[in-house]
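Peer 1: Input structure: start07.txt, which contains compact mmCIF, C-alpha atoms and all ligand atoms.
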# COMPACT_ATOMS: atom_id res chain seq x y z
CA MET A 1 -7.54 20.48 15.42
CA LYS A 2 -9.83 23.21 14.07
CA GLY A 3 -12.01 22.66 11.01
CA LYS A 4 -12.44 25.13 8.16
CA ASP A 5 -15.18 26.89 10.09
CA GLY A 6 -12.73 27.47 12.95
CA ARG A 7 -14.43 24.98 15.29
CA MET A 8 -12.76 21.95 16.87
CA LYS A 9 -13.24 18.99 14.58
CA GLN A 10 -12.63 15.23 14.64
CA VAL A 11 -11.29 14.10 11.26
CA LYS A 12 -10.52 10.63 9.96
CA ASN A 13 -6.91 9.91 9.08
CA LEU A 14 -5.20 6.88 7.61
CA VAL A 15 -1.65 6.70 8.92
CA ASN A 16 -1.37 2.97 9.61
CA ILE A 17 -3.50 0.18 8.14
CA THR A 18 -4.58 -0.70 11.70
CA ASP A 19 -6.43 2.65 11.77
CA LEU A 20 -9.08 0.75 9.80
CA SER A 21 -11.09 -2.09 11.34
CA LEU A 22 -11.69 -5.28 9.35
CA LYS A 23 -15.26 -4.12 8.91
CA GLU A 24 -14.12 -0.84 7.39
CA ILE A 25 -11.75 -2.69 5.04
CA GLU A 26 -14.60 -4.99 3.99
CA TYR A 27 -16.69 -1.89 3.33
CA LEU A 28 -13.98 -0.29 1.15
CA ILE A 29 -13.63 -3.52 -0.84
CA LYS A 30 -17.40 -3.55 -1.38
CA ILE A 31 -17.31 0.01 -2.70
CA ALA A 32 -14.33 -0.82 -4.97
CA ASP A 33 -16.29 -3.72 -6.44
CA ASP A 34 -19.39 -1.54 -6.83
CA ILE A 35 -17.27 1.00 -8.77
CA VAL A 36 -16.50 -1.70 -11.35
CA LYS A 37 -20.15 -2.81 -11.55
CA HIS A 38 -21.72 0.65 -11.70
CA PRO A 39 -19.07 3.12 -12.91
CA GLU A 40 -21.69 5.69 -13.98
CA LYS A 41 -22.82 6.08 -10.36
CA TYR A 42 -19.41 7.49 -9.45
CA ASN A 43 -18.79 9.93 -12.35
CA GLU A 44 -19.70 13.07 -10.42
CA ILE A 45 -19.80 11.86 -6.85
CA CYS A 46 -16.86 14.11 -5.84
CA LYS A 47 -17.91 17.18 -7.83
CA HIS A 48 -16.55 20.35 -6.13
CA LYS A 49 -14.31 18.28 -3.85
CA LYS A 50 -10.53 18.65 -3.96
CA LEU A 51 -7.68 16.28 -3.20
CA ALA A 52 -4.07 17.40 -2.64
CA THR A 53 -1.21 15.01 -3.34
CA LEU A 54 1.84 16.19 -1.41
CA PHE A 55 4.73 13.98 -2.45
CA PHE A 56 8.05 14.76 -0.77
CA GLU A 57 9.44 11.53 -2.29
CA PRO A 58 9.23 10.04 -5.83
CA SER A 59 6.21 8.03 -6.97
CA THR A 60 4.47 6.93 -10.14
CA ARG A 61 1.58 4.63 -9.22
CA THR A 62 0.59 5.93 -5.82
CA ARG A 63 0.39 9.60 -6.77
CA LEU A 64 -1.14 9.08 -10.20
CA SER A 65 -3.65 6.52 -8.94
CA PHE A 66 -4.84 8.95 -6.27
CA GLU A 67 -5.16 11.66 -8.90
CA ALA A 68 -6.86 9.36 -11.42
CA ALA A 69 -9.21 8.17 -8.69
CA MET A 70 -10.29 11.70 -7.79
CA LEU A 71 -10.61 12.83 -11.43
CA GLU A 72 -12.70 9.76 -12.26
CA MET A 73 -15.17 10.81 -9.58
CA GLY A 74 -15.51 14.36 -10.93
CA GLY A 75 -13.28 15.95 -8.28
CA SER A 76 -10.16 18.11 -8.70
CA VAL A 77 -6.55 17.60 -7.70
CA LEU A 78 -3.61 19.82 -6.87
CA GLY A 79 -0.25 19.31 -5.23
CA PHE A 80 3.42 18.72 -5.84
CA SER A 81 5.43 15.67 -6.87
CA GLU A 82 8.75 16.55 -5.28
CA ALA A 83 9.85 18.36 -2.16
CA GLY A 84 12.08 20.61 -4.30
CA SER A 85 9.09 22.46 -5.72
CA SER A 86 7.53 23.14 -2.31
CA SER A 87 8.44 25.49 0.55
CA ALA A 88 10.10 22.53 2.29
CA THR A 89 13.25 23.80 0.55
CA LYS A 90 12.86 27.08 2.45
CA GLY A 91 12.70 25.18 5.73
CA GLU A 92 8.92 25.01 6.19
CA SER A 93 7.80 22.22 8.53
CA VAL A 94 5.52 19.42 7.34
CA GLY A 95 2.94 20.58 9.88
CA ASP A 96 2.84 24.11 8.46
CA THR A 97 2.67 22.80 4.88
CA VAL A 98 -0.35 20.56 5.52
CA ARG A 99 -2.10 23.20 7.60
CA THR A 100 -1.75 25.56 4.68
CA VAL A 101 -2.88 23.07 2.06
CA GLY A 102 -5.76 22.06 4.35
CA CYS A 103 -7.18 25.56 3.70
CA TYR A 104 -7.45 24.72 -0.01
CA VAL A 105 -8.64 21.10 -0.19
CA ASP A 106 -10.92 18.49 1.42
CA VAL A 107 -8.44 15.62 1.78
CA ILE A 108 -4.65 15.22 1.56
CA ALA A 109 -2.56 12.22 0.45
CA MET A 110 1.06 12.67 1.45
CA ARG A 111 4.29 10.74 0.99
CA HIS A 112 7.39 11.59 2.99
CA PRO A 113 10.86 10.05 3.40
CA LYS A 114 10.73 10.46 7.19
CA GLU A 115 8.98 7.77 9.21
CA GLY A 116 6.23 9.31 11.30
CA ALA A 117 5.79 12.48 9.19
CA PRO A 118 2.09 11.66 8.47
CA ILE A 119 1.36 11.35 12.21
CA VAL A 120 2.80 14.80 12.81
CA ALA A 121 0.78 16.08 9.85
CA SER A 122 -2.46 14.48 11.05
CA GLN A 123 -2.10 16.12 14.46
CA VAL A 124 -2.28 19.63 13.06
CA CYS A 125 -4.25 19.28 9.85
CA GLN A 126 -7.90 20.29 9.63
CA VAL A 127 -8.73 17.82 6.82
CA PRO A 128 -8.10 14.05 6.57
CA ILE A 129 -4.51 12.94 5.99
CA ILE A 130 -3.80 9.74 4.06
CA ASN A 131 -0.32 8.28 4.45
CA ALA A 132 0.90 7.43 0.96
CA GLY A 133 4.16 6.00 2.32
CA ASP A 134 6.48 7.21 5.10
CA GLY A 135 10.11 6.18 4.75
CA GLY A 136 10.72 2.51 5.49
CA HIS A 137 7.73 2.44 7.82
CA PHE A 138 4.21 1.96 6.43
CA HIS A 139 2.20 2.20 3.21
CA PRO A 140 -1.45 1.57 4.11
CA THR A 141 -2.99 2.44 0.73
CA GLN A 142 -0.72 -0.06 -1.03
CA THR A 143 -1.99 -2.58 1.50
CA LEU A 144 -5.61 -1.75 0.69
CA THR A 145 -4.63 -2.29 -2.95
CA ASP A 146 -3.05 -5.63 -2.07
CA LEU A 147 -6.06 -6.75 -0.02
CA LEU A 148 -8.44 -5.92 -2.85
CA THR A 149 -6.21 -7.79 -5.33
CA ILE A 150 -5.98 -10.86 -3.10
CA ASN A 151 -9.71 -10.80 -2.43
CA ARG A 152 -10.53 -10.52 -6.14
CA CYS A 153 -8.06 -13.26 -7.13
CA LYS A 154 -8.69 -15.68 -4.27
CA LYS A 155 -12.24 -14.73 -3.23
CA ARG A 156 -11.06 -14.70 0.38
CA LEU A 157 -8.66 -13.00 2.77
CA ASP A 158 -8.30 -15.84 5.27
CA ASN A 159 -6.89 -19.38 5.16
CA MET A 160 -3.77 -18.81 3.13
CA THR A 161 0.01 -18.88 3.11
CA ILE A 162 1.70 -15.73 1.88
CA GLY A 163 5.34 -15.61 0.84
CA LEU A 164 6.99 -12.19 1.11
CA CYS A 165 10.26 -12.05 -0.75
CA GLY A 166 13.08 -9.51 -1.06
CA ASP A 167 13.78 -6.44 1.04
CA LEU A 168 11.63 -7.12 4.07
CA LYS A 169 13.62 -4.71 6.21
CA PHE A 170 13.03 -1.46 4.36
CA GLY A 171 9.99 -2.49 2.30
CA ARG A 172 7.14 -0.52 3.83
CA THR A 173 4.52 -2.30 1.72
CA VAL A 174 5.54 -5.56 3.40
CA HIS A 175 5.25 -4.10 6.89
CA SER A 176 1.73 -2.81 6.29
CA LEU A 177 0.63 -6.00 4.53
CA ILE A 178 1.77 -8.12 7.48
CA GLU A 179 -0.01 -5.80 9.92
CA ALA A 180 -3.19 -6.19 7.90
CA MET A 181 -3.16 -9.89 6.98
CA GLN A 182 -2.28 -11.16 10.45
CA ARG A 183 -5.75 -10.03 11.55
CA TYR A 184 -7.44 -12.62 9.32
CA ASN A 185 -7.98 -16.26 10.34
CA ASN A 186 -5.45 -18.93 9.55
CA VAL A 187 -3.04 -16.75 7.57
CA SER A 188 0.61 -17.75 7.77
CA PHE A 189 3.71 -16.08 6.37
CA VAL A 190 6.91 -17.32 4.80
CA LEU A 191 9.44 -14.49 5.03
CA ILE A 192 12.03 -14.95 2.30
CA SER A 193 15.06 -12.65 2.50
CA PRO A 194 18.80 -12.53 3.01
CA PRO A 195 19.67 -12.27 6.73
CA GLU A 196 20.54 -8.57 6.30
CA LEU A 197 17.08 -7.74 4.95
CA GLN A 198 14.82 -9.58 7.38
CA VAL A 199 11.66 -7.91 8.70
CA PRO A 200 12.33 -5.54 11.62
CA ASP A 201 11.96 -6.91 15.16
CA TYR A 202 8.84 -4.85 15.87
CA ILE A 203 7.04 -6.63 13.02
CA LYS A 204 8.16 -10.05 14.31
CA GLU A 205 6.93 -9.07 17.78
CA SER A 206 3.58 -8.10 16.34
CA LEU A 207 3.33 -11.48 14.55
CA LYS A 208 4.16 -13.30 17.78
CA ASN A 209 1.67 -11.24 19.77
CA SER A 210 -1.13 -12.03 17.33
CA GLY A 211 -0.23 -15.74 17.41
CA THR A 212 0.40 -15.77 13.64
CA SER A 213 2.53 -18.57 12.29
CA PHE A 214 5.58 -17.47 10.29
CA LYS A 215 8.99 -18.75 9.30
CA GLU A 216 12.06 -17.06 7.88
CA VAL A 217 13.88 -18.72 4.99
CA GLN A 218 16.57 -17.67 2.56
CA ARG A 219 15.78 -19.73 -0.55
CA LEU A 220 12.74 -18.80 -2.63
CA GLU A 221 12.68 -22.28 -4.21
CA ASP A 222 12.20 -23.94 -0.80
CA ALA A 223 9.14 -21.86 -0.02
CA MET A 224 7.49 -22.01 -3.43
CA PRO A 225 5.32 -25.18 -3.28
CA GLU A 226 3.31 -24.13 -0.22
CA LEU A 227 2.46 -20.57 -1.28
CA ASP A 228 -1.01 -19.25 -2.19
CA VAL A 229 0.39 -15.75 -2.75
CA LEU A 230 3.94 -14.71 -3.60
CA TYR A 231 4.65 -11.02 -2.94
CA MET A 232 7.93 -9.94 -4.55
CA THR A 233 9.61 -6.67 -3.57
CA ARG A 234 12.39 -4.43 -4.80
CA VAL A 235 15.56 -3.94 -2.76
CA GLN A 236 15.06 -0.38 -1.51
CA LYS A 237 18.21 1.32 -2.81
CA GLU A 238 17.33 4.73 -1.39
CA ARG A 239 17.24 3.45 2.21
CA PHE A 240 20.71 1.85 2.26
CA PHE A 241 23.51 3.49 4.20
CA ASN A 242 26.21 2.33 1.82
CA GLU A 243 26.17 1.49 -1.86
CA ALA A 244 28.37 -1.59 -1.59
CA ASP A 245 25.73 -3.33 0.54
CA TYR A 246 23.03 -2.44 -1.97
CA ILE A 247 25.07 -3.79 -4.89
CA ARG A 248 25.77 -7.03 -3.00
CA LEU A 249 22.10 -7.59 -2.13
CA LYS A 250 20.17 -6.08 -5.03
CA ASP A 251 19.82 -9.24 -7.10
CA SER A 252 19.28 -11.65 -4.21
CA TYR A 253 16.06 -12.93 -5.81
CA ILE A 254 15.00 -13.08 -9.42
CA LEU A 255 11.71 -14.84 -10.07
CA ASP A 256 11.71 -16.63 -13.43
CA LEU A 257 9.71 -19.41 -15.07
CA ALA A 258 12.20 -22.06 -13.92
CA LYS A 259 11.60 -21.12 -10.26
CA LEU A 260 7.84 -21.18 -10.85
CA LYS A 261 7.98 -24.88 -11.85
CA GLU A 262 7.55 -25.83 -8.18
CA ALA A 263 4.71 -23.35 -7.63
CA ARG A 264 1.01 -24.11 -7.36
CA SER A 265 -1.11 -23.63 -10.45
CA ASP A 266 -3.36 -21.19 -8.54
CA LEU A 267 -0.52 -19.10 -7.10
CA THR A 268 -1.09 -15.33 -7.19
CA ILE A 269 2.12 -13.41 -7.97
CA MET A 270 2.12 -9.83 -6.73
CA HIS A 271 4.56 -6.91 -6.60
CA PRO A 272 3.80 -3.33 -5.48
CA LEU A 273 6.07 -2.10 -8.34
CA PRO A 274 8.34 -0.51 -9.45
CA ARG A 275 10.16 -3.68 -10.46
CA VAL A 276 13.89 -3.60 -11.07
CA ASN A 277 15.27 -7.13 -11.68
CA GLU A 278 13.34 -9.20 -9.18
CA ILE A 279 10.77 -10.56 -11.64
CA SER A 280 12.01 -11.64 -15.01
CA ARG A 281 9.96 -10.23 -17.95
CA GLU A 282 9.12 -13.79 -19.08
CA VAL A 283 6.86 -14.15 -16.02
CA ASP A 284 4.60 -11.28 -17.14
CA ASP A 285 2.62 -13.51 -19.50
CA ASP A 286 2.09 -16.27 -16.96
CA PRO A 287 -1.59 -16.29 -15.89
CA ARG A 288 -0.45 -16.29 -12.26
CA ALA A 289 1.20 -12.85 -12.64
CA GLN A 290 -1.18 -10.25 -11.20
CA TYR A 291 1.06 -7.23 -10.58
CA PHE A 292 -0.35 -5.09 -13.37
CA TYR A 293 -3.90 -6.03 -12.40
CA GLN A 294 -2.85 -4.96 -8.88
CA VAL A 295 -2.19 -1.46 -10.30
CA LEU A 296 -5.80 -1.25 -11.52
CA CYS A 297 -7.06 -2.45 -8.15
CA GLY A 298 -5.06 0.44 -6.63
CA LYS A 299 -7.20 2.98 -8.45
CA HIS A 300 -10.48 1.33 -7.45
CA ILE A 301 -9.61 1.09 -3.76
CA ARG A 302 -8.30 4.66 -3.65
CA MET A 303 -11.59 5.84 -5.12
CA ALA A 304 -13.34 4.00 -2.29
CA LEU A 305 -10.96 5.41 0.30
CA ILE A 306 -11.34 9.02 -0.85
CA LEU A 307 -15.12 8.67 -0.59
CA TYR A 308 -14.80 7.21 2.88
CA MET A 309 -12.47 9.99 4.04
CA LEU A 310 -14.90 12.57 2.68
CA GLY A 311 -17.80 10.93 4.52
CA ILE A 312 -19.60 10.01 1.29
CA ASP A 313 -21.37 6.64 1.53
CA PRO A 314 -22.32 5.38 -1.95
CA LEU A 315 -23.71 2.14 -0.53
CA GLU A 316 -26.00 4.08 1.81
CA LYS A 317 -25.11 3.25 5.35
CA TRP A 318 -23.74 -0.17 4.72
CA LEU A 319 -21.52 0.18 7.79
C1 LIG A 401 6.27 0.97 -3.26
C2 LIG A 401 6.67 2.09 -2.34
O1 LIG A 401 6.73 3.25 -2.73
O2 LIG A 401 6.91 1.78 -1.18
N1 LIG A 401 5.72 1.38 -4.45
C3 LIG A 401 4.40 1.74 -4.51
O3 LIG A 401 3.95 2.60 -3.81
N2 LIG A 401 3.63 1.09 -5.37
C4 LIG A 401 7.33 -0.07 -3.42
C5 LIG A 401 8.70 0.37 -3.81
O4 LIG A 401 9.01 1.54 -3.99
O5 LIG A 401 9.53 -0.54 -3.96
Could you express the structure from this file as structure tokens?
Ligand code: NCD
Peer 2:
Amino acid sequence: MKGKDGRMKQVKNLVNITDLSLKEIEYLIKIADDIVKHPEKYNEICKHKKLATLFFEPSTRTRLSFEAAMLEMGGSVLGFSEAGSSSATKGESVGDTVRTVGCYVDVIAMRHPKEGAPIVASQVCQVPIINAGDGGHFHPTQTLTDLLTINRCKKRLDNMTIGLCGDLKFGRTVHSLIEAMQRYNNVSFVLISPPELQVPDYIKESLKNSGTSFKEVQRLEDAMPELDVLYMTRVQKERFFNEADYIRLKDSYILDLAKLKEARSDLTIMHPLPRVNEISREVDDDPRAQYFYQVLCGKHIRMALILYMLGIDPLEKWL
């Protein structure tokens, strides 16, 4: 695609977490940690740079953390938080929308209900596109958030057993987290879901191809004792074809203190949020609950990612 100067240009995009190498992820985690150590260094680092958040689907954390991240670095933000306030309602294509917005900003974070929309956008856009969630497909920036949280809590990203619990079929955060974590050594997965909400076959294939050990179980209690990380998820109401199925499955798992009795004392409990009923409020005060800390990690890693997409290297050629 053509850059702002009209010339052909190669831009970085983040559509799938596998667009980043492990080395690049390590680099982003280093920047995120540096942001906490030396916040003053980052106050103005994005001065005169602009981020657009184009959200065709609802969001609280992802959109606001991108915006907070950019504002904290002295940059500016613009965009929309629902498709209804954009020209999508007039029938404009995603490609035309991002090409237009690409004339105004330096980087775009977009969320769309249709799987694959960010790929289409990245093919025509003249500035970097960050996928902030596409339908039931992928959510790479939540995964970066999750990796930073795990790394900060566990001081490692390898040698662990991760339990993923809830809607593993439609939960895009789960799909991206599996894609990412299976690249680290000696990571195994316990996939905890009702049969109707198991991970899609393409994810199972990818686990088999990478030689990653995984098992599928239905009872959370059975999995609990062996877990280093428990990643709870919401049943994704908006992706169900009929309401009766949603109502039947929505409360399949509710994590409470009784269920945690069998858990390890160093378990890390995560959730991408929003939570509905799947974690009882009484768990919030347990020292193992890290889902609100995870929110903070989301801002730090998005600051790092924006810098990387803009080609700004605060660690001076660490890569
Ligand atoms: C998730 C999402 O949008 O996929 N939320 C988030 O980005 N933190 C999870 C969800 O909606 O259940």
Peer 1: Using all atoms listed in the file, what are the residues with an atom within 9 Å of ligand LIG 401 (chain A), set out as a ChimeraX atom specification?
Peer 2: /A:57-63,111,132-136,138-139,141-142,167,170-174,233-237,271-276,295,298
Peer 1: Go through A:Leu267, A:Val77, A:Val120, A:Ala258 and flag the residue nearest Glu226 in chain A, using only C-alpha atoms for the distances.
Peer 2: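 Going through A:Leu267, A:Val77, A:Val120, A:Ala258 one by one, the smallest distance to Glu226 in chain A is for A:Leu267.
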Peer 1: Using all atoms listed in the file, pick whichever of A:Arg248, A:His112, A:Arg264, A:Arg152 has the shortest atom-to-atom distance to Leu54 in chain A.
Peer 2: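 Result for the nearest residue to Leu54 in chain A: A:His112.
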Peer 1: Hey, which of A:Ile247, A:Met160, A:Ile25, A:Val105 ends up closest to Asn185 in chain A? Count all atoms listed in the file.
Peer 2: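 The closest residue to Asn185 in chain A is A:Met160.
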Peer 1: Using all atoms listed in the file, which residue out of A:Lys41, A:Ser210, A:Thr18, A:Arg219 lies closest to Leu144 in chain A?
Peer 2: A:Thr18
Peer 1: Between A:Ala263, A:Ala52, A:Cys125, A:Ala180, which residue has the minimum interatomic distance to Met110 in chain A, considering only C-alpha atoms?
Peer 2: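 Once distances to Met110 in chain A are computed over only C-alpha atoms, the minimum belongs to A:Ala52.
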Peer 1: Smallest atom-to-atom distance to Ile178 in chain A: which of A:Leu164, A:Leu28, A:Leu14, A:Ala88, using all atoms listed in the file?
Peer 2: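 When distances to Ile178 in chain A are compared using all atoms listed in the file, the smallest one comes from A:Leu164.
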Peer 1: Taking all atoms listed in the file into account, produce a table as CSV in which each residue of range 244-307 of chain A with an atom at most 10 Å from an atom of range 187-195 of chain A appears once, together with its shortest atom pair and the distance in Å to one decimal, ordered by chain and rising number.
Peer 2:
residue,atom,partner,partner_atom,distance
A:Leu249,CA,A:Pro194,CA,7.9
A:Ser252,CA,A:Pro194,CA,7.3
A:Tyr253,CA,A:Ser193,CA,8.4
Peer 1: Can you tell me how far CA of Pro140 in chain A sits from CA of Lys49 in chain A, in Å to one decimal?
Peer 2: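 Computing it gives 22.5 Å between the two atoms.
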Peer 1: Kindly reconstruct range 146-171 of chain A with N, CA, C and O atoms and present the result as an mmCIF file, in the coordinates of the input.
Peer 2:
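File rebuild04.cif, as written:
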data_model
loop_
_atom_site.group_PDB
_atom_site.id
_atom_site.type_symbol
_atom_site.label_atom_id
_atom_site.label_comp_id
_atom_site.auth_asym_id
_atom_site.auth_seq_id
_atom_site.Cartn_x
_atom_site.Cartn_y
_atom_site.Cartn_z
ATOM 1 N N ASP A 146 -3.433 -4.207 -2.119
ATOM 2 C CA ASP A 146 -3.050 -5.630 -2.070
ATOM 3 C C ASP A 146 -4.213 -6.481 -1.564
ATOM 4 O O ASP A 146 -4.467 -7.574 -2.081
ATOM 5 N N LEU A 147 -4.934 -5.976 -0.571
ATOM 6 C CA LEU A 147 -6.060 -6.750 -0.020
ATOM 7 C C LEU A 147 -7.154 -6.899 -1.079
ATOM 8 O O LEU A 147 -7.739 -7.975 -1.237
ATOM 9 N N LEU A 148 -7.421 -5.829 -1.804
ATOM 10 C CA LEU A 148 -8.440 -5.920 -2.850
ATOM 11 C C LEU A 148 -7.998 -6.917 -3.928
ATOM 12 O O LEU A 148 -8.802 -7.741 -4.395
ATOM 13 N N THR A 149 -6.727 -6.868 -4.304
ATOM 14 C CA THR A 149 -6.210 -7.790 -5.330
ATOM 15 C C THR A 149 -6.335 -9.237 -4.859
ATOM 16 O O THR A 149 -6.817 -10.108 -5.600
ATOM 17 N N ILE A 150 -5.914 -9.485 -3.625
ATOM 18 C CA ILE A 150 -5.980 -10.860 -3.100
ATOM 19 C C ILE A 150 -7.439 -11.305 -3.041
ATOM 20 O O ILE A 150 -7.792 -12.409 -3.451
ATOM 21 N N ASN A 151 -8.298 -10.430 -2.560
ATOM 22 C CA ASN A 151 -9.710 -10.800 -2.430
ATOM 23 C C ASN A 151 -10.341 -11.089 -3.795
ATOM 24 O O ASN A 151 -11.129 -12.017 -3.942
ATOM 25 N N ARG A 152 -9.957 -10.303 -4.799
ATOM 26 C CA ARG A 152 -10.530 -10.520 -6.140
ATOM 27 C C ARG A 152 -9.956 -11.793 -6.767
ATOM 28 O O ARG A 152 -10.664 -12.510 -7.476
ATOM 29 N N CYS A 153 -8.670 -12.073 -6.516
ATOM 30 C CA CYS A 153 -8.060 -13.260 -7.130
ATOM 31 C C CYS A 153 -8.430 -14.530 -6.399
ATOM 32 O O CYS A 153 -8.620 -15.579 -7.015
ATOM 33 N N LYS A 154 -8.502 -14.460 -5.080
ATOM 34 C CA LYS A 154 -8.690 -15.680 -4.270
ATOM 35 C C LYS A 154 -10.108 -15.826 -3.722
ATOM 36 O O LYS A 154 -10.431 -16.849 -3.129
ATOM 37 N N LYS A 155 -10.880 -14.754 -3.791
ATOM 38 C CA LYS A 155 -12.240 -14.730 -3.230
ATOM 39 C C LYS A 155 -12.234 -14.932 -1.707
ATOM 40 O O LYS A 155 -13.193 -15.429 -1.119
ATOM 41 N N ARG A 156 -11.120 -14.630 -1.078
ATOM 42 C CA ARG A 156 -11.060 -14.700 0.380
ATOM 43 C C ARG A 156 -9.828 -13.938 0.873
ATOM 44 O O ARG A 156 -8.906 -13.674 0.080
ATOM 45 N N LEU A 157 -9.839 -13.621 2.175
ATOM 46 C CA LEU A 157 -8.660 -13.000 2.770
ATOM 47 C C LEU A 157 -8.143 -13.828 3.950
ATOM 48 O O LEU A 157 -7.225 -13.418 4.647
ATOM 49 N N ASP A 158 -8.767 -14.983 4.173
ATOM 50 C CA ASP A 158 -8.300 -15.840 5.270
ATOM 51 C C ASP A 158 -7.801 -17.169 4.702
ATOM 52 O O ASP A 158 -7.809 -17.361 3.477
ATOM 53 N N ASN A 159 -7.326 -18.038 5.576
ATOM 54 C CA ASN A 159 -6.890 -19.380 5.160
ATOM 55 C C ASN A 159 -5.901 -19.378 4.005
ATOM 56 O O ASN A 159 -6.189 -19.910 2.939
ATOM 57 N N MET A 160 -4.762 -18.757 4.211
ATOM 58 C CA MET A 160 -3.770 -18.810 3.130
ATOM 59 C C MET A 160 -2.351 -18.623 3.649
ATOM 60 O O MET A 160 -2.130 -18.119 4.749
ATOM 61 N N THR A 161 -1.411 -19.047 2.806
ATOM 62 C CA THR A 161 0.010 -18.880 3.110
ATOM 63 C C THR A 161 0.582 -17.852 2.125
ATOM 64 O O THR A 161 0.457 -18.012 0.908
ATOM 65 N N ILE A 162 1.176 -16.821 2.706
ATOM 66 C CA ILE A 162 1.700 -15.730 1.880
ATOM 67 C C ILE A 162 3.223 -15.704 1.986
ATOM 68 O O ILE A 162 3.763 -15.645 3.098
ATOM 69 N N GLY A 163 3.888 -15.744 0.854
ATOM 70 C CA GLY A 163 5.340 -15.610 0.840
ATOM 71 C C GLY A 163 5.692 -14.171 0.515
ATOM 72 O O GLY A 163 5.203 -13.612 -0.467
ATOM 73 N N LEU A 164 6.533 -13.561 1.360
ATOM 74 C CA LEU A 164 6.990 -12.190 1.110
ATOM 75 C C LEU A 164 8.480 -12.280 0.831
ATOM 76 O O LEU A 164 9.229 -12.825 1.649
ATOM 77 N N CYS A 165 8.896 -11.778 -0.307
ATOM 78 C CA CYS A 165 10.260 -12.050 -0.750
ATOM 79 C C CYS A 165 11.010 -10.773 -1.140
ATOM 80 O O CYS A 165 10.485 -9.950 -1.880
ATOM 81 N N GLY A 166 12.233 -10.624 -0.639
ATOM 82 C CA GLY A 166 13.080 -9.510 -1.060
ATOM 83 C C GLY A 166 13.545 -8.676 0.109
ATOM 84 O O GLY A 166 14.046 -9.199 1.100
ATOM 85 N N ASP A 167 13.325 -7.371 0.004
ATOM 86 C CA ASP A 167 13.780 -6.440 1.040
ATOM 87 C C ASP A 167 12.678 -6.278 2.086
ATOM 88 O O ASP A 167 11.834 -5.378 2.000
ATOM 89 N N LEU A 168 12.689 -7.143 3.066
ATOM 90 C CA LEU A 168 11.630 -7.120 4.070
ATOM 91 C C LEU A 168 11.974 -6.155 5.203
ATOM 92 O O LEU A 168 11.146 -5.866 6.060
ATOM 93 N N LYS A 169 13.204 -5.653 5.159
ATOM 94 C CA LYS A 169 13.620 -4.710 6.210
ATOM 95 C C LYS A 169 13.106 -3.308 5.912
ATOM 96 O O LYS A 169 12.436 -2.689 6.729
ATOM 97 N N PHE A 170 13.402 -2.829 4.707
ATOM 98 C CA PHE A 170 13.030 -1.460 4.360
ATOM 99 C C PHE A 170 11.713 -1.371 3.598
ATOM 100 O O PHE A 170 11.188 -0.285 3.386
ATOM 101 N N GLY A 171 11.193 -2.508 3.142
ATOM 102 C CA GLY A 171 9.990 -2.490 2.300
ATOM 103 C C GLY A 171 8.730 -2.175 3.107
ATOM 104 O O GLY A 171 8.166 -3.026 3.776
#
